[in-house]
Each structure stands twice: as C-alpha cells, then as structure tokens.
$ cat input-v1.txt   # compact mmCIF, C-alpha atoms
# COMPACT_ATOMS: atom_id res chain seq x y z
CA MET X 1425 93.27 85.45 22.87
CA LEU X 1426 89.60 85.62 22.00
CA GLU X 1427 87.26 87.55 24.28
CA ILE X 1428 84.86 85.08 25.91
CA LEU X 1429 81.35 86.49 26.27
CA TYR X 1430 79.62 83.46 27.81
CA GLU X 1431 80.42 79.94 28.94
CA ASP X 1432 78.56 77.02 30.55
CA GLU X 1433 78.89 73.25 30.44
CA SER X 1434 77.48 73.06 26.89
CA TYR X 1435 78.36 76.27 25.07
CA VAL X 1436 80.92 79.03 24.84
CA ALA X 1437 80.58 82.32 22.93
CA VAL X 1438 83.32 84.71 21.83
CA ASN X 1439 83.51 88.18 20.37
CA LYS X 1440 85.03 87.54 16.94
CA PRO X 1441 87.16 90.38 15.54
CA ASN X 1442 86.96 91.56 11.94
CA GLY X 1443 89.11 89.57 9.52
CA LEU X 1444 89.14 86.27 11.42
CA LEU X 1445 87.81 83.16 9.69
CA VAL X 1446 85.67 80.78 11.75
CA HIS X 1447 87.50 77.70 10.44
CA ARG X 1448 89.88 76.56 7.73
CA THR X 1449 88.64 76.94 4.16
CA ARG X 1450 90.12 76.40 0.75
CA ILE X 1451 89.21 79.95 -0.32
CA ALA X 1452 91.69 81.38 2.18
CA GLU X 1453 94.44 78.83 2.38
CA GLU X 1454 97.01 81.50 3.16
CA LYS X 1455 95.39 82.27 6.53
CA LYS X 1456 97.09 80.85 9.60
CA GLU X 1457 94.64 81.75 12.38
CA PHE X 1458 91.03 80.60 12.73
CA ALA X 1459 88.52 81.15 15.53
CA LEU X 1460 87.85 77.42 15.93
CA GLN X 1461 91.50 76.50 16.42
CA MET X 1462 92.26 79.60 18.49
CA LEU X 1463 89.46 78.85 20.94
CA ARG X 1464 90.41 75.17 21.10
CA ASP X 1465 93.98 76.13 22.01
CA GLN X 1466 92.76 78.77 24.47
CA LEU X 1467 90.44 76.38 26.33
CA GLY X 1468 92.53 73.24 25.92
CA TYR X 1469 89.86 71.06 24.31
CA GLN X 1470 87.90 70.66 21.08
CA VAL X 1471 84.96 72.97 20.31
CA TYR X 1472 82.36 72.82 17.53
CA ALA X 1473 80.99 75.75 15.52
CA ALA X 1474 77.26 76.28 16.06
CA HIS X 1475 76.92 78.80 13.20
CA ARG X 1476 79.09 80.99 10.99
CA LEU X 1477 80.07 84.62 10.61
CA ASP X 1478 81.74 85.97 7.49
CA ARG X 1479 85.44 86.73 7.81
CA GLY X 1480 84.80 90.49 7.70
CA THR X 1481 81.93 90.43 10.22
CA SER X 1482 82.66 90.97 13.91
CA GLY X 1483 80.64 89.97 16.95
CA VAL X 1484 78.97 87.09 18.76
CA LEU X 1485 80.16 83.67 17.64
CA LEU X 1486 78.79 80.59 19.41
CA PHE X 1487 80.46 77.18 19.82
CA ALA X 1488 79.33 73.89 21.36
CA LYS X 1489 81.72 72.32 23.86
CA ASN X 1490 80.84 68.70 23.08
CA PRO X 1491 79.38 66.76 20.12
CA LYS X 1492 75.97 66.13 21.70
CA SER X 1493 75.36 69.88 22.17
CA VAL X 1494 75.84 70.68 18.49
CA ALA X 1495 72.60 69.39 16.94
CA PRO X 1496 70.13 71.14 19.31
CA ILE X 1497 71.61 74.61 18.73
CA VAL X 1498 72.11 74.07 14.99
CA ASN X 1499 68.45 73.02 14.78
CA ALA X 1500 67.45 76.16 16.69
CA PHE X 1501 69.21 78.30 14.06
CA GLU X 1502 67.59 76.35 11.23
CA GLU X 1503 64.12 76.61 12.80
CA LYS X 1504 64.49 80.41 13.23
CA GLN X 1505 64.43 80.08 17.02
CA VAL X 1506 67.54 82.24 17.50
CA ASN X 1507 67.04 86.01 17.60
CA LYS X 1508 69.91 87.77 15.83
CA VAL X 1509 70.65 91.50 15.85
CA TYR X 1510 73.33 93.15 13.72
CA TYR X 1511 74.43 96.75 13.21
CA ALA X 1512 75.86 98.13 9.99
CA ILE X 1513 76.87 101.39 8.35
CA VAL X 1514 75.53 101.53 4.81
CA ARG X 1515 75.70 103.89 1.85
CA GLY X 1516 72.93 106.46 1.52
CA TYR X 1517 69.84 107.24 3.58
CA THR X 1518 67.78 104.08 3.94
CA PRO X 1519 64.03 104.07 4.61
CA GLU X 1520 63.24 104.42 8.33
CA LYS X 1521 62.12 100.79 8.50
CA ASP X 1522 61.64 98.06 5.95
CA THR X 1523 61.79 94.33 5.20
CA ILE X 1524 63.91 92.93 2.39
CA ASP X 1525 62.25 89.79 1.06
CA SER X 1526 64.41 88.59 -1.81
CA PRO X 1527 65.75 85.10 -2.57
CA ILE X 1528 69.48 84.62 -2.22
CA ARG X 1529 71.17 83.17 -5.27
CA PRO X 1530 73.94 80.66 -4.60
CA ASP X 1531 77.55 81.70 -5.13
CA LYS X 1532 79.27 80.62 -8.34
CA ASP X 1533 80.58 77.43 -6.70
CA HIS X 1534 77.00 76.23 -6.19
CA LYS X 1535 75.27 77.38 -9.37
CA HIS X 1536 73.30 74.13 -9.57
CA LYS X 1537 71.37 75.00 -6.40
CA ALA X 1538 68.10 76.91 -6.54
CA PRO X 1539 67.78 80.38 -4.94
CA GLN X 1540 66.83 80.25 -1.25
CA ASP X 1541 64.11 82.31 0.40
CA ALA X 1542 65.65 85.05 2.53
CA VAL X 1543 64.08 87.76 4.71
CA THR X 1544 65.86 90.62 6.47
CA HIS X 1545 64.20 93.26 8.67
CA TYR X 1546 65.94 96.55 9.44
CA GLU X 1547 65.44 100.00 10.88
CA ARG X 1548 67.46 103.17 10.42
CA LEU X 1549 68.89 104.55 13.66
CA ALA X 1550 70.92 107.54 12.45
CA THR X 1551 72.25 109.33 9.37
CA VAL X 1552 75.20 111.53 8.47
CA GLU X 1553 76.26 113.60 5.47
CA LEU X 1554 80.01 114.05 5.07
CA SER X 1555 81.59 116.91 3.11
CA ILE X 1556 83.77 114.44 1.23
CA PRO X 1557 83.25 113.90 -2.50
CA VAL X 1558 82.76 110.31 -3.62
CA GLY X 1559 82.35 109.54 -7.30
CA ARG X 1560 80.27 112.23 -8.99
CA TYR X 1561 78.76 113.51 -5.74
CA SER X 1562 80.19 116.38 -3.68
CA THR X 1563 79.06 114.86 -0.38
CA ALA X 1564 78.58 111.35 0.96
CA ARG X 1565 75.56 110.12 2.94
CA TYR X 1566 75.43 107.12 5.27
CA SER X 1567 72.98 105.38 7.61
CA LEU X 1568 73.46 103.37 10.77
CA VAL X 1569 71.00 100.47 10.61
CA LYS X 1570 69.84 97.83 13.07
CA VAL X 1571 69.34 94.55 11.22
CA GLN X 1572 67.38 91.44 12.19
CA PRO X 1573 67.72 88.61 9.67
CA GLU X 1574 64.80 86.21 9.80
CA THR X 1575 66.65 83.58 7.77
CA GLY X 1576 70.34 82.73 7.79
CA ARG X 1577 71.61 82.44 4.23
CA MET X 1578 75.25 82.88 3.27
CA HIS X 1579 76.13 86.58 2.94
CA GLN X 1580 72.41 87.35 3.40
CA ILE X 1581 72.71 90.78 5.00
CA ARG X 1582 75.48 91.85 2.63
CA LYS X 1583 73.57 90.67 -0.45
CA HIS X 1584 70.26 92.13 0.71
CA PHE X 1585 71.68 95.62 1.28
CA ALA X 1586 73.43 95.40 -2.08
CA HIS X 1587 70.06 94.42 -3.57
CA ILE X 1588 68.50 97.69 -2.34
CA ARG X 1589 71.69 99.61 -3.28
CA HIS X 1590 72.50 100.60 0.29
CA TYR X 1591 75.82 98.79 0.25
CA ILE X 1592 77.53 97.94 3.53
CA VAL X 1593 80.65 100.05 3.90
CA GLY X 1594 83.83 97.99 3.68
CA ASP X 1595 82.20 95.03 1.92
CA LYS X 1596 84.75 94.20 -0.78
CA ARG X 1597 82.64 91.58 -2.53
CA HIS X 1598 79.12 93.01 -2.50
CA GLY X 1599 79.80 96.66 -1.66
CA ASP X 1600 80.74 99.89 -3.45
CA TRP X 1601 84.51 100.20 -3.93
CA ARG X 1602 84.40 104.02 -4.08
CA HIS X 1603 82.93 104.33 -0.60
CA ASN X 1604 85.18 101.57 0.72
CA GLN X 1605 88.19 103.47 -0.61
CA MET X 1606 87.04 106.75 0.95
CA PHE X 1607 86.56 105.16 4.36
CA ARG X 1608 89.95 103.50 4.10
CA GLU X 1609 91.85 106.60 2.97
CA GLN X 1610 89.95 109.46 4.61
CA LEU X 1611 88.62 107.85 7.78
CA GLU X 1612 91.30 105.17 8.37
CA SER X 1613 88.65 102.44 8.33
CA PRO X 1614 89.60 99.42 6.20
CA TYR X 1615 87.04 97.15 7.89
CA MET X 1616 83.61 95.89 6.86
CA LEU X 1617 81.17 97.73 9.10
CA LEU X 1618 78.87 94.83 9.96
CA HIS X 1619 78.67 93.60 13.55
CA SER X 1620 76.76 90.71 15.13
CA ALA X 1621 75.71 92.35 18.40
CA THR X 1622 73.17 89.94 19.92
CA LEU X 1623 72.23 86.27 19.85
CA ALA X 1624 69.30 85.16 22.02
CA PHE X 1625 67.94 81.61 22.30
CA ALA X 1626 66.35 79.13 24.67
CA HIS X 1627 69.10 76.98 26.16
CA PRO X 1628 68.57 73.41 24.88
CA VAL X 1629 69.37 71.93 28.31
CA HIS X 1630 68.10 74.44 30.87
CA ASP X 1631 65.38 76.02 28.67
CA ASN X 1632 66.17 79.47 30.09
CA ILE X 1633 66.69 82.34 27.65
CA ILE X 1634 70.36 83.10 26.97
CA GLU X 1635 71.12 86.55 25.54
CA LEU X 1636 74.67 87.02 24.29
CA LYS X 1637 75.90 90.54 23.56
CA ALA X 1638 79.09 91.85 21.96
CA PRO X 1639 79.95 95.57 22.05
CA LEU X 1640 80.90 97.26 18.80
CA PRO X 1641 84.59 97.12 17.88
CA LYS X 1642 86.56 100.22 18.86
CA HIS X 1643 86.97 101.42 15.26
CA PHE X 1644 83.19 101.13 14.72
CA GLN X 1645 82.53 103.07 17.93
CA HIS X 1646 85.00 105.80 16.93
CA LEU X 1647 83.26 106.27 13.58
CA CYS X 1648 79.89 106.55 15.30
CA LEU X 1649 81.32 109.25 17.55
CA GLN X 1650 82.77 111.12 14.56
CA PHE X 1651 79.33 111.03 12.95
CA GLY X 1652 77.58 112.38 16.07
CA TRP X 1653 75.76 109.17 16.96
CA GLU X 1654 76.66 109.12 20.68
CA ASP X 1655 73.04 108.93 21.84
CA VAL X 1656 72.34 105.97 19.58
CA LEU X 1657 75.35 104.08 20.95
CA GLN X 1658 74.14 104.58 24.49
CA ASN X 1659 70.48 103.85 23.74
CA GLU X 1660 71.42 100.60 22.01
CA ASN X 1661 73.97 99.65 24.72
CA LEU X 1662 76.69 99.32 22.12
CA VAL X 1663 79.61 100.82 24.04
CA THR X 1664 81.96 99.18 26.51
CA GLY X 1665 82.58 100.44 30.00
CA SER X 1666 86.26 101.05 29.20
CA PHE X 1667 85.27 103.16 26.20
CA LEU X 1668 83.08 105.34 28.41
CA GLU X 1669 85.76 105.59 31.09
CA SER X 1670 88.32 106.71 28.53
CA GLY X 1671 86.38 109.94 28.12
CA MET X 1672 85.57 109.33 24.47
CA MET X 1673 81.88 109.87 25.23
$ encode --input "input-v1.txt" --output "structure tokens"
Amino acid sequence: MLEILYEDESYVAVNKPNGLLVHRTRIAEEKKEFALQMLRDQLGYQVYAAHRLDRGTSGVLLFAKNPKSVAPIVNAFEEKQVNKVYYAIVRGYTPEKDTIDSPIRPDKDHKHKAPQDAVTHYERLATVELSIPVGRYSTARYSLVKVQPETGRMHQIRKHFAHIRHYIVGDKRHGDWRHNQMFREQLESPYMLLHSATLAFAHPVHDNIIELKAPLPKHFQHLCLQFGWEDVLQNENLVTGSFLESGMM
C-alpha cells in the first residue's frame, strides 16, 4: 500500500517510493505496478495524476480525485504557483548556493522540439569526504543539497546537476556510473538519491495554503547518518518519528 500524506474531497497525496512509475509507459512495459493503478485500487475509485515524478525519485506525489479538479492544479504547476523542495546527494562539493539557468534539451524521442527554459535554485547543506577511492581519486566527496526548481521540465534537476558536473548519486541515465557503483557496492545503496520533500500550493477550492511533506526514505536517512549529517536532518525536519524512536539518532 502507498503511504497517504494528505487527502480531502479534491486531492490525495502519497509518498512515492524509489523505483515506482507514476503510470504505464511504453519505455517500461515490463513493469507491473504503477502508482496511479495502486492508488486507484487502494482507494476504490479512479484518480488522476496532477504532476509527475521520475521512476527513481521518491517523495510527494499529488493526484486529483475527480476530473474537474485536474485542470486547476495542473495550471498551478504550469504557472509556477507550486513551491517544490527536493533533497539530493551529489558528487563533489557544490557552491554554497547557486542558480542553474540552462535550457533543457528534449530527449531523443522529441528531437524536433526546441530547448525549454529551465531554472533550478539550490543550496548546499552539508559535505562529506569518504576514504574510498573512486576512479583516479583516492577519496570521494559528496554534498547534500536542497533544491528548488523554478520550472518543471522533464528530468530537470537531474540534467541541471549533470550540467554543472555535480551528478546526482544513483542517477543511471544522467549520473556518474563510477560513483553509482561505489554507493551500490560499498554503501549498499542502489537507489537514486533524489527526494521530493515538499509541495506547497493554494488549494483551488478553499484557497488556503496546503503544504505536503514526505520524510526521506529510510536508506537516504541512514546514509545521512553515516555521513554525520544528523543536525541537518533535524533542522530540515527530514526524519520520521519512528526513525527517532528507533534510537538511530
């Protein structure tokens, strides 16, 4: 079952795990489970995707509960009226704060389309240097970053961090395979370390501000603890109560 983060008469939000597609797609025909169908079966009625998350990305995923509720929230995303916050672990030490303003080129299936404007803001929250050789380096450096995309292009965050060569760990398509392999083999982390933590928007019906939050997945939290980032987790409210109660903090 999917973890439900929020529900009212118009919308329902879930905490999507890594590796789950939002809906059926021809690029992954072998997959049998999809968030859209899972939530429909869980609730007992049809739901409608309000936006998308990549298969490898975890976190807040919002659905409309009826057809008339779809357009207002989709328009809010398109008009940049939804505040989105992500967290990621990336290769290297990033600048403390920066904005990536670089057009996103369409994927090969849409080569005829022109590049789209794309803007991503981020800040570095923590760093770590591991005594594990990767490639020609004797140690490996990583940053925990808080990311706020201003636009919502396909694979925007992944492509933008690849553009500045601070690849997101675990990103098989746009990342660095050497670091992905090290995390998989040395740290038992085969996942893409990108998490949609917050969605905030004005409710189209009630007009009150809705803020949806999803705690980091357990494997992401464990890595942060290994890297000594406990204070950051607590300051950013990224840990679950059960994780704290387990004594891991």
$ closest_residue --input "input-v1.txt" --among "X:Tyr1469, X:Tyr1435, X:Trp1601, X:Phe1501" --to "Arg1577 of chain X" --atoms "only C-alpha atoms"
X:Phe1501
$ residues_around --input "input-v1.txt" --residues "segment 1625-1635 of chain X" --least-positions-apart "2" --cutoff "12 Å" --atoms "all atoms listed in the file" --output "VMD selection string"
chain X and resid 1429 to 1437 1484 1486 1488 1492 to 1501 1503 to 1509 1621 to 1623 1637 to 1638
$ atom_distance --input "input-v1.txt" --atom1 "atom CA of His1545 of chain X" --atom2 "atom CA of Lys1570 of chain X"
8.5 Å
$ closest_residue --input "input-v1.txt" --among "X:His1584, X:Arg1515, X:Arg1529, X:Arg1589" --to "Leu1617 of chain X" --atoms "only C-alpha atoms"
X:Arg1515
$ closest_residue --input "input-v1.txt" --among "X:Ala1512, X:Leu1549, X:Val1593, X:Ile1524" --to "Thr1575 of chain X" --atoms "all atoms listed in the file"
X:Ile1524
$ closest_residue --input "input-v1.txt" --among "X:Arg1464, X:His1536, X:Lys1440, X:Arg1582" --to "Arg1476 of chain X" --atoms "all atoms listed in the file"
X:Lys1440
$ closest_residue --input "input-v1.txt" --among "X:Leu1477, X:Ala1624, X:Thr1523, X:Glu1553" --to "Gln1650 of chain X" --atoms "all atoms listed in the file"
X:Glu1553
$ atom_distance --input "input-v1.txt" --atom1 "atom CA of Ser1562 of chain X" --atom2 "atom CA of Leu1618 of chain X"
25.5 Å
$ decode --input "input-v1.txt" --residues "segment 1618-1633 of chain X" --atoms "N, CA and C atoms" --output "PDB file, in the first residue's frame"
ATOM      1  N   LEU X1618      17.485  11.256  -4.878  1.00  0.00           N
ATOM      2  CA  LEU X1618      16.729  12.473  -5.154  1.00  0.00           C
ATOM      3  C   LEU X1618      15.335  12.289  -4.578  1.00  0.00           C
ATOM      4  N   HIS X1619      14.928  13.218  -3.712  1.00  0.00           N
ATOM      5  CA  HIS X1619      13.671  13.066  -2.979  1.00  0.00           C
ATOM      6  C   HIS X1619      12.851  14.346  -3.041  1.00  0.00           C
ATOM      7  N   SER X1620      11.587  14.215  -3.430  1.00  0.00           N
ATOM      8  CA  SER X1620      10.646  15.335  -3.429  1.00  0.00           C
ATOM      9  C   SER X1620      10.059  15.452  -2.025  1.00  0.00           C
ATOM     10  N   ALA X1621      10.535  16.413  -1.260  1.00  0.00           N
ATOM     11  CA  ALA X1621      10.185  16.501   0.156  1.00  0.00           C
ATOM     12  C   ALA X1621       8.965  17.362   0.440  1.00  0.00           C
ATOM     13  N   THR X1622       8.739  18.407  -0.364  1.00  0.00           N
ATOM     14  CA  THR X1622       7.648  19.350  -0.071  1.00  0.00           C
ATOM     15  C   THR X1622       6.972  19.837  -1.347  1.00  0.00           C
ATOM     16  N   LEU X1623       5.649  19.888  -1.299  1.00  0.00           N
ATOM     17  CA  LEU X1623       4.842  20.591  -2.294  1.00  0.00           C
ATOM     18  C   LEU X1623       3.938  21.540  -1.529  1.00  0.00           C
ATOM     19  N   ALA X1624       3.900  22.798  -1.902  1.00  0.00           N
ATOM     20  CA  ALA X1624       3.022  23.766  -1.244  1.00  0.00           C
ATOM     21  C   ALA X1624       2.292  24.573  -2.315  1.00  0.00           C
ATOM     22  N   PHE X1625       0.978  24.729  -2.127  1.00  0.00           N
ATOM     23  CA  PHE X1625       0.168  25.432  -3.122  1.00  0.00           C
ATOM     24  C   PHE X1625      -1.114  25.941  -2.483  1.00  0.00           C
ATOM     25  N   ALA X1626      -1.727  26.922  -3.126  1.00  0.00           N
ATOM     26  CA  ALA X1626      -3.033  27.415  -2.690  1.00  0.00           C
ATOM     27  C   ALA X1626      -4.103  26.459  -3.204  1.00  0.00           C
ATOM     28  N   HIS X1627      -4.903  25.939  -2.302  1.00  0.00           N
ATOM     29  CA  HIS X1627      -5.942  24.983  -2.702  1.00  0.00           C
ATOM     30  C   HIS X1627      -6.910  25.653  -3.667  1.00  0.00           C
ATOM     31  N   PRO X1628      -7.142  25.076  -4.851  1.00  0.00           N
ATOM     32  CA  PRO X1628      -8.006  25.710  -5.845  1.00  0.00           C
ATOM     33  C   PRO X1628      -9.441  25.949  -5.385  1.00  0.00           C
ATOM     34  N   VAL X1629      -9.919  25.166  -4.409  1.00  0.00           N
ATOM     35  CA  VAL X1629     -11.294  25.316  -3.932  1.00  0.00           C
ATOM     36  C   VAL X1629     -11.359  26.195  -2.690  1.00  0.00           C
ATOM     37  N   HIS X1630     -10.549  25.872  -1.689  1.00  0.00           N
ATOM     38  CA  HIS X1630     -10.620  26.574  -0.402  1.00  0.00           C
ATOM     39  C   HIS X1630      -9.718  27.800  -0.332  1.00  0.00           C
ATOM     40  N   ASP X1631      -8.699  27.859  -1.216  1.00  0.00           N
ATOM     41  CA  ASP X1631      -7.751  28.960  -1.292  1.00  0.00           C
ATOM     42  C   ASP X1631      -6.780  29.005  -0.120  1.00  0.00           C
ATOM     43  N   ASN X1632      -6.873  28.051   0.821  1.00  0.00           N
ATOM     44  CA  ASN X1632      -5.888  28.003   1.895  1.00  0.00           C
ATOM     45  C   ASN X1632      -4.631  27.300   1.391  1.00  0.00           C
ATOM     46  N   ILE X1633      -3.500  27.608   2.037  1.00  0.00           N
ATOM     47  CA  ILE X1633      -2.224  27.041   1.617  1.00  0.00           C
ATOM     48  C   ILE X1633      -2.103  25.610   2.137  1.00  0.00           C
TER      49      ILE X1633
END
